[in-house]
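**Q** Here it is, the structure in full.
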Number of protein chains: 4
Amino acid sequence: MKIPVGILGATGSVGQKFIQLLTNHPWFEITFLGASERSTGKTYKNAVNWFMTEPVPKQIAEMTVGNCTPGADCRVVFSGLDAGVAGEIEENFARAEYIVLSNSRNHRFDPDVPLLIPEVNADHLELINRQTYGKGCIVTNPNCSTIGLVMAIKPMIDLFGIELLNVVTLQALSGAGYPGVASLDIIDNIVPYIGSEEEKIETEPLKILGRIENGSVKMLEMTISAQCNRVAVLDGHTECVSVKLKQPAIETEIITAWQEFTALPQKLNLPTAPKHPVYYYEQDNYPQPKLHRNVDKGMAVHVGRLRKDPIFDYKFIVISHNTVRGAAGCAILNAEMMLKKGYIPSC
Amino acid sequence: MKIPVGILGATGSVGQKFIQLLTNHPWFEITFLGASERSTGKTYKNAVNWFMTEPVPKQIAEMTVGNCTPGADCRVVFSGLDAGVAGEIEENFARAEYIVLSNSRNHRFDPDVPLLIPEVNADHLELINRQTYGKGCIVTNPNCSTIGLVMAIKPMIDLFGIELLNVVTLQALSGAGYPGVASLDIIDNIVPYIGSEEEKIETEPLKILGRIENGSVKMLEMTISAQCNRVAVLDGHTECVSVKLKQPAIETEIITAWQEFTALPQKLNLPTAPKHPVYYYEQDNYPQPKLHRNVDKGMAVHVGRLRKDPIFDYKFIVISHNTVRGAAGCAILNAEMMLKKGYIPSC
Amino acid sequence: MKIPVGILGATGSVGQKFIQLLTNHPWFEITFLGASERSTGKTYKNAVNWFMTEPVPKQIAEMTVGNCTPGADCRVVFSGLDAGVAGEIEENFARAEYIVLSNSRNHRFDPDVPLLIPEVNADHLELINRQTYGKGCIVTNPNCSTIGLVMAIKPMIDLFGIELLNVVTLQALSGAGYPGVASLDIIDNIVPYIGSEEEKIETEPLKILGRIENGSVKMLEMTISAQCNRVAVLDGHTECVSVKLKQPAIETEIITAWQEFTALPQKLNLPTAPKHPVYYYEQDNYPQPKLHRNVDKGMAVHVGRLRKDPIFDYKFIVISHNTVRGAAGCAILNAEMMLKKGYIPSC
Amino acid sequence: MKIPVGILGATGSVGQKFIQLLTNHPWFEITFLGASERSTGKTYKNAVNWFMTEPVPKQIAEMTVGNCTPGADCRVVFSGLDAGVAGEIEENFARAEYIVLSNSRNHRFDPDVPLLIPEVNADHLELINRQTYGKGCIVTNPNCSTIGLVMAIKPMIDLFGIELLNVVTLQALSGAGYPGVASLDIIDNIVPYIGSEEEKIETEPLKILGRIENGSVKMLEMTISAQCNRVAVLDGHTECVSVKLKQPAIETEIITAWQEFTALPQKLNLPTAPKHPVYYYEQDNYPQPKLHRNVDKGMAVHVGRLRKDPIFDYKFIVISHNTVRGAAGCAILNAEMMLKKGYIPSC
């Protein structure tokens with residue numbers, strides 16, 4: 001018996017990825033698809049402008065799309081809603097005692113809402129106990145660029161600490177949703193700006209990497225500067241990172257820290273967990289989004305080119321799949337962790 | 001009467017751009033095309049795999065390609081040769097008393113060779129007097145990423161000084177020459193590595209921005225860290241820059257410095273000089289390579305998104321046309337400056 | 001004294017191209033910019049999402065956008081309006097005695113409206129006399145794919161006649177307007193369908209190439225089959241054409257026909273006319289959109305790879321700039337022809 | 001016990017795909033990697049410029065590359081060699097009694113060599129009996145564009161016959177091998193020419209679809225005209241096909257023929273066989289290379305947009321994965337069929 005789940009914003013970019021990743025999931029089964037009024041009442045295949053690299057799964061194609069109001073026959077919903085509408089709809093579902101796994105930014109900084117990466121801060125799930133939604137709750141995953149970055153620095157933070165972090169991103173098109181970026185704007189071009197993205201990267205890691213003290217998160221002290229660019233890549237964000245450490249480290253120590261990094265999702269053998277959270281590459285021109293974004297079903301983070309930096313201590317490259325590891329896949333892994341820890345009742 | 005000039009490496013990427021830019025030049029006229037043995041004796045149109053966005057100029061198409069040994073009927077040669085062969089060939093030409101304007105890296109750090117951007121260090125031309133080639137000489141232009149960067153920071157250096165500079169580049173394909181980057185490697189992808197590019201950006205600005213003292217260049221003291229990426233853009237490098245200034249400056253002072261920046265090429269009204277060396281854009285998502293690379297015939301540098309930086313003082317975007325401003329166009333402007341200053345004899 | 005002209009749909013894809021091409025036009029001067037209500041009252045630079053490869057012309061950037069109702073201080077308007085609204089608005093302007101040069105499909109098959117390519121059927125302008133708009137009138141240019149195709153076959157039609165024509169198009173993104181095709185839909189992809197495009201190509205040439213008999217157009221008899229694809233090219237449509245001729249012809253006769261083709265716009269030396277309407281290329285892999293679309297300011301048509309066909313008689317490649325020759329540029333050339341022929345009063 | 005197999009041309013484009021598809025194959029195991037002298041003696045990961053979308057399989061990465069001379073410890077070799085060298089090397093292997101499955105064009109028209117698509121002409125395998133290589137033999141798969149085309153028309157040929165066929169292709173970059181097409185040549189561009197490709201498409205189907213009579217193939221009588229273009233798609237060829245049938249057919253009959261088409265590989269349940277050889281799509285803008293190339297592990301052929309044609313009888317779109325179905329995957333399916341039919345001895 002699988003646990004029935006619903007998807008809010010099912011026709012959007014993240015919604016499509018939720019569908020792709022939850023099809024054939026061993027624990028969850030999609031029983032509800034919610035979208036905006038434009039789609040309500042249509043079969044999914046008629047409502048959606050599908051652009052994944054595999055066709056719409058057969059059993060999903062013929063499902064009828066509902067609207068995003070509580071009433072769906074499931075207790076767990078994944079939300080890929082646009083931030084413009086996500087805040088209120090997610091609260092409505094939580095109040096109606098649904099467990100809401102949200103990819104939207106609206107509730108990420110609510111003090112009682114976990115901003116969760118299971119490999120990094122699974123203990124933050126205890127914040128849920130402070131929520132006032134009865135059996136319902138809201139759990140969020142971070143911004144797509146933040147997730148890859150935080151997973152890459154987590155082993156460094158643990159062993160050496162980071163004082164200053166500079167990051168320049170080269171972000172994929174799927175991160176802008178659908179239809180998102182016009183082809184006329186990005187073929188043979190760069191757009192050196194992504195609205196409110198830099199702010200997210202500069203703040204979200206501080207909560208994720210913070211410690212729970214007296215039932216609330218104490219933000220990590222670390223200064224982050226981010227510059228974000230949109231590039232003509234379909235999937236997979238590239239991030240050029242420089243860090244000043246709190247304690248000295250030699251290169252092999254850092255590489256070993258990445259290679260040996262493993263965490264609760266790996267120990268629990270969660271179905272969506274990557275085999276290794278972080279892969280390090282020795283080859284000069286690795287990692288690359290096209291080559292590495294799909295490793296471990298798109299859930300791993302890829303690091304390369306660690307080298308000394310004349311201003312900071314070290315610089316390196318981070319690549320991760322922005323709609324899998326950086327969005328839908330992370331939300332699903334969050335749900336798997338919640339099930340294992342008892343926050344989602346099993347059937 | 002125009003001054004006859006030759007092009008070394010005429011079939012390559014930079015060579016093609018030299019041809020495009022020198023066609024209809026008011027002062028210079030191409031009378032010689034040199035390339036490797038594979039091309040020697042062929043008409044240019046049969047020797048070249050032309051990939052500019054305008055066809056081969058008619059008068060050039062039927063010229064016969066010669067080899068890269070002195071003997072050409074001109075006193076000035078522009079070199080777009082690969083670094084693998086440029087060093088020796090350029091010396092041969094200089095020894096044979098040709099004036100060599102080189103885009104290759106080989107002689108850039110020779111103490112008696114100017115590494116020249118006419119808007120920045122025209123006074124470095126006096127280094128030529130120390131060369132021992134008789135009437136011949138070698139003058140180099142910097143690496144493509146360096147030129148845009150240095151032009152953008154020159155007004156800041158003059159007014160406020162820069163102590164630390166971090167730059168992450170998103171570099172266009174034409175910078176890799178032809179055939180250069182395979183389409184299979186870059187469509188839907190990023191290559192986060194360009195061989196020896198980071199070293200160039202971290203060192204060349206120090207010579208360009210250095211002062212002549214006792215007939216040789218005293219390097220500027222400034223620490224630069226560079227990370228370089230290849231992206232799916234045909235022309236136009238994008239650079240994400242962060243700077244720590246030596247003296248405090250407010251944003252409007254910096255923007256004004258850019259807007260008011262003008263230099264000798266503008267004053268002398270050199271034919272290839274941009275109207276303004278630097279353009280600043282207020283719009284959030286500007287500048288962009290596709291939109292701005294061709295402004296002022298590709299010779300201007302474009303800056304945008306100046307904002308405070310939590311680690312450094314300021315961060316901003318720089319865009320410039322890498323094969324025009326960053327290569328062939330700069331070499332031609334160097335020649336124009338040399339003509340005006342008497343280093344190239346007029347007809 | 002230039003003739004004041006207005007642009008309807010000034011913020012759209014074709015509207016932007018009108019602005020680019022009319023800036024510095026020797027005979028016309030833009031005095032009015034009309035767009036939808038969303039833009040009305042804004043300065044042009046704030047209303048538009050500009051994506052041309054040159055920045056917005058300065059004098060245009062600060063103009064205030066008006067709405068698309070008669071009242072503009074000019075007698076000539078160029079319309080780049082969407083077909084959804086173009087029909088009625090253009091009639092309103094014609095009734096208010098404006099001369100309307102339309103790029104939209106709405107009136108193309110009106111019996112008294114010329115479907116005009118000045119090199120092909122300038123004599124169709126006499127249809128205007130049958131219009132009932134007083135001093136106003138409507139003149140249309142054909143669909144972008146049609147124009148390149150018809151110019152390429154015009155010399156063949158004249159000399160040998162064409163019975164059957166099969167064409168498969170690879171059409172550029174700018175043909176879909178802005179924002180048009182989503183980048184997620186076309187990078188690393190083909191969309192083998194363009195709504196109602198095949199119908200246009202199969203019918204428009206028959207009117208353009210028809211003869212005026214008793215004041216109306218007698219359609220040419222020729223059977224056309226078209227298949228249309230959208231490809232990841234910014235500008236420039238490629239068409240793979242096969243033809244069965246009415247009379248036998250050898251290859252050199254056809255090539256000569258193309259090379260010698262010239263027409264009234266060339267004889268009158270109209271400012272926007274290409275030097276040669278058709279260029280033929282001997283090189284196997286020519287023409288190509290990136291290389292040839294801008295020749296003669298984007299107004300020429302490029303043909304190559306003429307070879308015998310085992311089913312038809314001949315096959316060949318046609319390339320033309322879809323928003324210049326195939327849209328805005330053609331409309332402007334239409335206006336120039338109308339001025340020379342007295343259909344537009346000079347100042 | 002798996003059957004040991006070798007790969008000739010293991011570092012090339014098709015060689016990489018062979019490795020990707022044979023990793024974890026239930027019947028075959030790679031025990032030998034052969035390449036040119038440049039690679040011999042290196043580990044595979046150091047010899048190859050890998051560009052698949054999954055990393056090099058671990059067990060392959062550390063294998064040492066050998067040269068392409070008989071001596072490998074296996075009886076079956078898959079050849080992805082360039083045509084420039086394939087002819088002789090493949091004969092050498094066959095003479096040394098290897099079973100050679102070749103993707104190269106060299107032996108495709110040898111009268112005793114099957115040009116094999118298992119769904120279409122498995123009976124042609126009997127040609128092997130006429131070969132004089134002892135236990136060795138050569139079996140070829142057709143050109144990438146031919147395979148998709150022939151699979152799509154096979155059900156039509158069987159039921160209605162085809163008299164004339166016109167095809168225009170939009171071919172993916174991976175078909176040109178590696179490094180293949182330069183990015184500067186294809187981004188924002190089309191190359192309307194692929195050397196000797198049109199000839200292959202116009203002739204290979206006639207052999208594949210021919211009948212064995214008296215031990216040799218009698219070519220099918222059908223006239224084919226092909227025009228080939230290279231487009232900026234990584235994988236997946238698109239073909240625009242028009243056909244004149246020998247017997248009348250209505251649209252639903254043709255669609256049913258495609259939907260019900262199944263063949264020996266499906267009946268034998270061969271591991272690499274697609275579930276359905278041909279999929280038909282009702283949606284106007286389907287199929288598309290990015291969306292459908294990977295269906296059934298890249299081994300199916302996708303057809304859409306069947307509609308009446310004013311010159312021929314019908315036109316439609318065909319899409320298939322050029323390096324899987326159109327190259328390495330087809331060769332592997334050929335081997336599976338040969339094993340089942342006893343042409344390859346099982347262990």
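By order in the structure tokens, chains are A, B, ...; within a chain, residues start at 1; ligands start at 1, following the order shown.
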At a cut-off of 6 Å, list the chain C residues touching chain A, using only C-alpha atoms, as a ChimeraX atom specification.

**A** /C:179,181-183

**Q** For Tyr279 of chain C, please output as number ranges by chain all residues within 12 Å (counting only C-alpha atoms; exclusion window: fewer than 3 positions along the same chain).

**A** B: 55; C: 148, 151-152, 255-262, 274-276, 282, 286-287, 292-293, 295-296, 299-305, 317-320

**Q** Hey, what's within 12 Å of Leu149 of chain A if we count only C-alpha atoms and toss same-chain stuff fewer than 6 positions away? As number ranges by chain, please?

**A** A: 117, 120, 142-143, 155-157, 165-169, 200-202, 204-206, 208-209, 224, 226, 237-243, 277-278, 300-303, 316-322, 325-326

**Q** Could you name the residues that touch segment 90-107 of chain D at 7 Å or less, counting only C-alpha atoms, but leaving out those on the same chain fewer than 4 positions away, as number ranges by chain?

**A** D: 70, 75-83, 86, 113, 133-141, 327, 331

**Q** Next, dump the selected residues to file, keeping only C-alpha atoms, as an mmCIF file, in the first residue's frame.

**A**
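Printed below is again_10.cif as written:
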data_model
loop_
_atom_site.group_PDB
_atom_site.id
_atom_site.type_symbol
_atom_site.label_atom_id
_atom_site.label_comp_id
_atom_site.auth_asym_id
_atom_site.auth_seq_id
_atom_site.Cartn_x
_atom_site.Cartn_y
_atom_site.Cartn_z
ATOM 1 C CA PRO D 70 42.901 -9.060 -34.205
ATOM 2 C CA ARG D 75 34.836 -13.467 -30.858
ATOM 3 C CA VAL D 76 32.442 -10.566 -31.394
ATOM 4 C CA VAL D 77 33.425 -6.958 -32.130
ATOM 5 C CA PHE D 78 31.294 -3.873 -32.573
ATOM 6 C CA SER D 79 32.856 -1.344 -34.910
ATOM 7 C CA GLY D 80 32.299 2.379 -34.599
ATOM 8 C CA LEU D 81 35.365 3.135 -36.710
ATOM 9 C CA ASP D 82 35.558 6.041 -39.123
ATOM 10 C CA ALA D 83 34.894 5.042 -42.698
ATOM 11 C CA ALA D 86 36.945 0.827 -41.103
ATOM 12 C CA VAL D 113 26.869 -8.459 -46.340
ATOM 13 C CA TYR D 133 35.517 -15.574 -43.689
ATOM 14 C CA GLY D 134 35.097 -19.010 -42.086
ATOM 15 C CA LYS D 135 33.562 -18.549 -38.666
ATOM 16 C CA GLY D 136 33.985 -14.805 -39.049
ATOM 17 C CA CYS D 137 31.566 -12.482 -40.789
ATOM 18 C CA ILE D 138 30.585 -8.846 -41.288
ATOM 19 C CA VAL D 139 27.083 -7.522 -40.639
ATOM 20 C CA THR D 140 26.332 -3.838 -41.075
ATOM 21 C CA ASN D 141 23.637 -1.514 -39.863
ATOM 22 C CA ALA D 327 23.799 3.389 -34.884
ATOM 23 C CA ALA D 331 24.204 -2.905 -34.119
#

**Q** With a distance cut-off of 12 Å and only C-alpha atoms, select the neighbouring residues of Asn121 of chain D, excluding the residue or stretch itself and same-chain residues fewer than 2 positions from it, and output the selection as a PyMOL selection string.

**A** chain D and resi 114-119+123-127+141-142+147+150-151+154+205-212+217+263-265+334+337

**Q** Going by DSSP on the backbone, which residues of segment 175-342 of chain D come out as alpha helix (DSSP H)? List them as an MDAnalysis selection string.

**A** chainID D and resid 183:186 197:208 251:260 264:267 289:292 329:340

**Q** Need the shell around Phe18 of chain C: protein/DNA/RNA residues with any atom at most 10 Å away, counting only C-alpha atoms. Skip same-chain ones fewer than 4 positions apart. Format as a list in words?

**A**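 Counting only the stated atoms, we get Gly6, Ile7, Leu8, Gly9, Ala10, Thr11, Gly12, Ser13, Val14, Leu22, Thr23, Ile30, Phe78, Ser79, Gly80, Thr323, Val324, Ala327, Ala328, Gly329, Ala331 and Ile332 of chain C.
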